[in-house]
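A short worksheet on the structure shown next.
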Amino acid sequence: MNICVFLSAADLDERYTRPAREFAKLLGKGGHTLVWGGSDVGLMKVVADGVQEAGGRLAGVSVQFLAAKARPGVDEMVVAKDLAERKRLLLERADAVVIMVGGTGTLDEATEILELKKHGHTDKPVVLLNTAGFYDGLKEQFRRMDAEGFLPRPLTDLVFFAEEPVGALAYLEESRGIE
């Protein structure tokens, strides 16, 4: 499975890097391909390292203004002209999406895939990995949107909230009929 992971390129502490490494190891051992922003820095590097070390493939989609930070030695690397094209290419290559901890770029990518799902433009499974409670506030906001009628589909049709890496990958594999 090609699993797109939206996540930070920032250097983060162990409470975020440990679960990211764990997820990466599971992804690689499962024979999956990481589809990600292509950067060789921060949490993006942690996940790419883990996937590669565990035998998984790496498919990066960088962007022109960040091309100097692109990871060398990957199975595939594409450089998009801008962020909009990057998002489109990431989603085109993905069979499923995992949203890990991140900043405004990650939030932008997350809301884009959820908007596409909301309108029926994709049926790819989406997992929000709520590492260390990072997305508790967002989860509460999504639940409020659902409860108050802002979503035309139930929230459970749009996104699965996982607290641990093993639950995130298990959900994706089950969604795609992989045992």
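We name chains A, B, ... following the order of the structure tokens; residues begin at 1 in each chain, and ligands are numbered from 1 as shown.
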
Run DSSP on the backbone and tell me which residues of stretch 40-71 of chain A come out as helix (DSSP H, G or I); list them as a list in words.
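These are the residues in question: Gly42, Leu43, Met44, Lys45, Val46, Val47, Ala48, Asp49, Gly50, Val51, Gln52, Glu53, Gln64, Phe65, Leu66, Ala67, Ala68 and Lys69 of chain A.
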
Rounded to one decimal place, report the atom CA of A:Val97-atom CA of A:Pro152 distance in Å.
20.8 Å

For stretch 114-121 of chain A, list every protein, DNA or RNA residue within 9 Å, evaluated using only C-alpha atoms, and leave out those in the same chain fewer than 6 positions away; present the list as a PyMOL selection string.
chain A and resi 151-155+157-159

Selection: 8 Å around stretch 4-21 of chain A, only C-alpha atoms, excl. self and same-chain fewer than 6 positions, as a CSV table (one decimal) with N, CA, C and O atoms, in the first residue's frame:
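Final output, selection10.csv:
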```
chain,number,residue,atom,x,y,z
A,34,LEU,N,6.2,4.6,1.8
A,34,LEU,CA,6.0,5.9,2.4
A,34,LEU,C,5.9,6.9,1.3
A,34,LEU,O,6.8,7.0,0.5
A,35,VAL,N,4.8,7.6,1.2
A,35,VAL,CA,4.6,8.7,0.3
A,35,VAL,C,4.6,10.0,1.2
A,35,VAL,O,3.7,10.1,2.1
A,36,TRP,N,5.6,10.8,1.1
A,36,TRP,CA,5.7,11.9,2.0
A,36,TRP,C,6.4,13.1,1.3
A,36,TRP,O,6.7,13.1,0.2
A,37,GLY,N,6.5,14.2,2.1
A,37,GLY,CA,6.9,15.5,1.5
A,37,GLY,C,8.4,15.5,1.1
A,37,GLY,O,8.8,16.5,0.6
A,39,SER,N,11.3,15.6,2.5
A,39,SER,CA,12.4,16.3,3.2
A,39,SER,C,13.2,15.4,4.0
A,39,SER,O,12.7,14.4,4.6
A,41,VAL,N,14.8,16.3,6.8
A,41,VAL,CA,15.0,17.0,8.1
A,41,VAL,C,13.8,16.7,9.0
A,41,VAL,O,12.7,16.3,8.6
A,42,GLY,N,14.1,16.9,10.3
A,42,GLY,CA,13.0,16.8,11.3
A,42,GLY,C,12.3,15.5,11.4
A,42,GLY,O,12.9,14.4,11.1
A,43,LEU,N,11.0,15.6,11.7
A,43,LEU,CA,10.2,14.4,11.8
A,43,LEU,C,10.1,13.7,10.5
A,43,LEU,O,9.9,12.4,10.4
A,44,MET,N,10.1,14.4,9.4
A,44,MET,CA,10.1,13.8,8.1
A,44,MET,C,11.2,12.8,7.9
A,44,MET,O,11.1,11.7,7.4
A,45,LYS,N,12.4,13.2,8.4
A,45,LYS,CA,13.6,12.4,8.3
A,45,LYS,C,13.5,11.2,9.2
A,45,LYS,O,13.8,10.0,8.8
A,46,VAL,N,13.0,11.4,10.4
A,46,VAL,CA,12.8,10.3,11.4
A,46,VAL,C,11.9,9.2,10.7
A,46,VAL,O,12.3,8.0,10.8
A,47,VAL,N,10.8,9.6,10.1
A,47,VAL,CA,9.9,8.6,9.5
A,47,VAL,C,10.5,7.9,8.3
A,47,VAL,O,10.5,6.7,8.2
A,50,GLY,N,13.1,5.4,9.4
A,50,GLY,CA,12.5,4.2,10.0
A,50,GLY,C,11.9,3.3,8.9
A,50,GLY,O,12.0,2.0,9.0
A,90,LEU,N,0.9,14.2,-4.0
A,90,LEU,CA,1.0,13.3,-2.8
A,90,LEU,C,-0.3,12.5,-2.7
A,90,LEU,O,-0.3,11.2,-2.6
A,91,LEU,N,-1.5,13.1,-2.9
A,91,LEU,CA,-2.7,12.4,-2.8
A,91,LEU,C,-3.0,11.5,-4.0
A,91,LEU,O,-3.5,10.4,-3.8
A,93,ARG,N,-0.7,9.7,-5.5
A,93,ARG,CA,0.1,8.5,-5.3
A,93,ARG,C,-0.3,7.7,-4.1
A,93,ARG,O,0.1,6.5,-4.0
A,94,ALA,N,-1.2,8.2,-3.3
A,94,ALA,CA,-1.5,7.5,-2.0
A,94,ALA,C,-2.7,6.6,-2.1
A,94,ALA,O,-3.7,6.9,-2.8
A,95,ASP,N,-2.7,5.5,-1.4
A,95,ASP,CA,-3.8,4.6,-1.3
A,95,ASP,C,-4.5,4.9,0.0
A,95,ASP,O,-5.7,4.6,0.2
A,96,ALA,N,-3.8,5.6,1.0
A,96,ALA,CA,-4.3,5.9,2.3
A,96,ALA,C,-3.5,7.1,2.8
A,96,ALA,O,-2.4,7.3,2.3
A,97,VAL,N,-4.0,7.8,3.8
A,97,VAL,CA,-3.4,8.9,4.4
A,97,VAL,C,-3.3,8.8,5.9
A,97,VAL,O,-4.3,8.5,6.6
A,98,VAL,N,-2.2,9.2,6.5
A,98,VAL,CA,-2.0,9.3,7.9
A,98,VAL,C,-1.5,10.7,8.2
A,98,VAL,O,-0.6,11.3,7.6
A,99,ILE,N,-2.2,11.4,9.1
A,99,ILE,CA,-1.9,12.7,9.6
A,99,ILE,C,-1.2,12.6,10.9
A,99,ILE,O,-1.8,12.2,11.9
A,100,MET,N,0.1,13.0,10.9
A,100,MET,CA,0.9,13.0,12.2
A,100,MET,C,1.0,14.4,12.7
A,100,MET,O,0.5,15.3,12.1
A,101,VAL,N,1.7,14.6,13.7
A,101,VAL,CA,1.9,15.9,14.3
A,101,VAL,C,2.5,16.8,13.3
A,101,VAL,O,3.4,16.4,12.5
A,102,GLY,N,2.1,18.1,13.3
A,102,GLY,CA,2.7,19.1,12.4
A,102,GLY,C,2.1,20.4,12.7
A,102,GLY,O,1.2,20.6,13.5
A,103,GLY,N,2.6,21.4,11.8
A,103,GLY,CA,2.1,22.8,12.0
A,103,GLY,C,1.1,23.1,10.9
A,103,GLY,O,0.2,22.3,10.5
A,105,GLY,N,1.2,23.7,7.7
A,105,GLY,CA,1.3,22.9,6.5
A,105,GLY,C,0.6,21.6,6.6
A,105,GLY,O,-0.2,21.2,5.7
A,106,THR,N,0.8,20.9,7.7
A,106,THR,CA,0.2,19.6,8.0
A,106,THR,C,-1.3,19.8,8.1
A,106,THR,O,-2.1,19.0,7.6
A,109,GLU,N,-2.8,20.3,4.7
A,109,GLU,CA,-2.9,19.0,4.0
A,109,GLU,C,-4.1,18.1,4.5
A,109,GLU,O,-4.8,17.5,3.8
A,110,ALA,N,-4.2,18.1,5.9
A,110,ALA,CA,-5.2,17.3,6.5
A,110,ALA,C,-6.6,17.8,6.1
A,110,ALA,O,-7.5,17.0,5.8
A,131,THR,N,-0.8,11.6,18.5
A,131,THR,CA,0.4,11.4,19.4
A,131,THR,C,0.4,12.3,20.5
A,131,THR,O,0.3,13.5,20.3
A,132,ALA,N,0.5,11.8,21.7
A,132,ALA,CA,0.6,12.6,23.0
A,132,ALA,C,-0.5,13.6,23.1
A,132,ALA,O,-0.3,14.7,23.7
A,164,GLU,N,-2.4,5.4,18.9
A,164,GLU,CA,-1.1,4.7,18.9
A,164,GLU,C,-0.8,4.3,17.4
A,164,GLU,O,-1.7,3.9,16.7
A,165,PRO,N,0.5,4.2,17.1
A,165,PRO,CA,0.8,3.8,15.7
A,165,PRO,C,0.3,2.5,15.3
A,165,PRO,O,-0.2,2.3,14.1
```
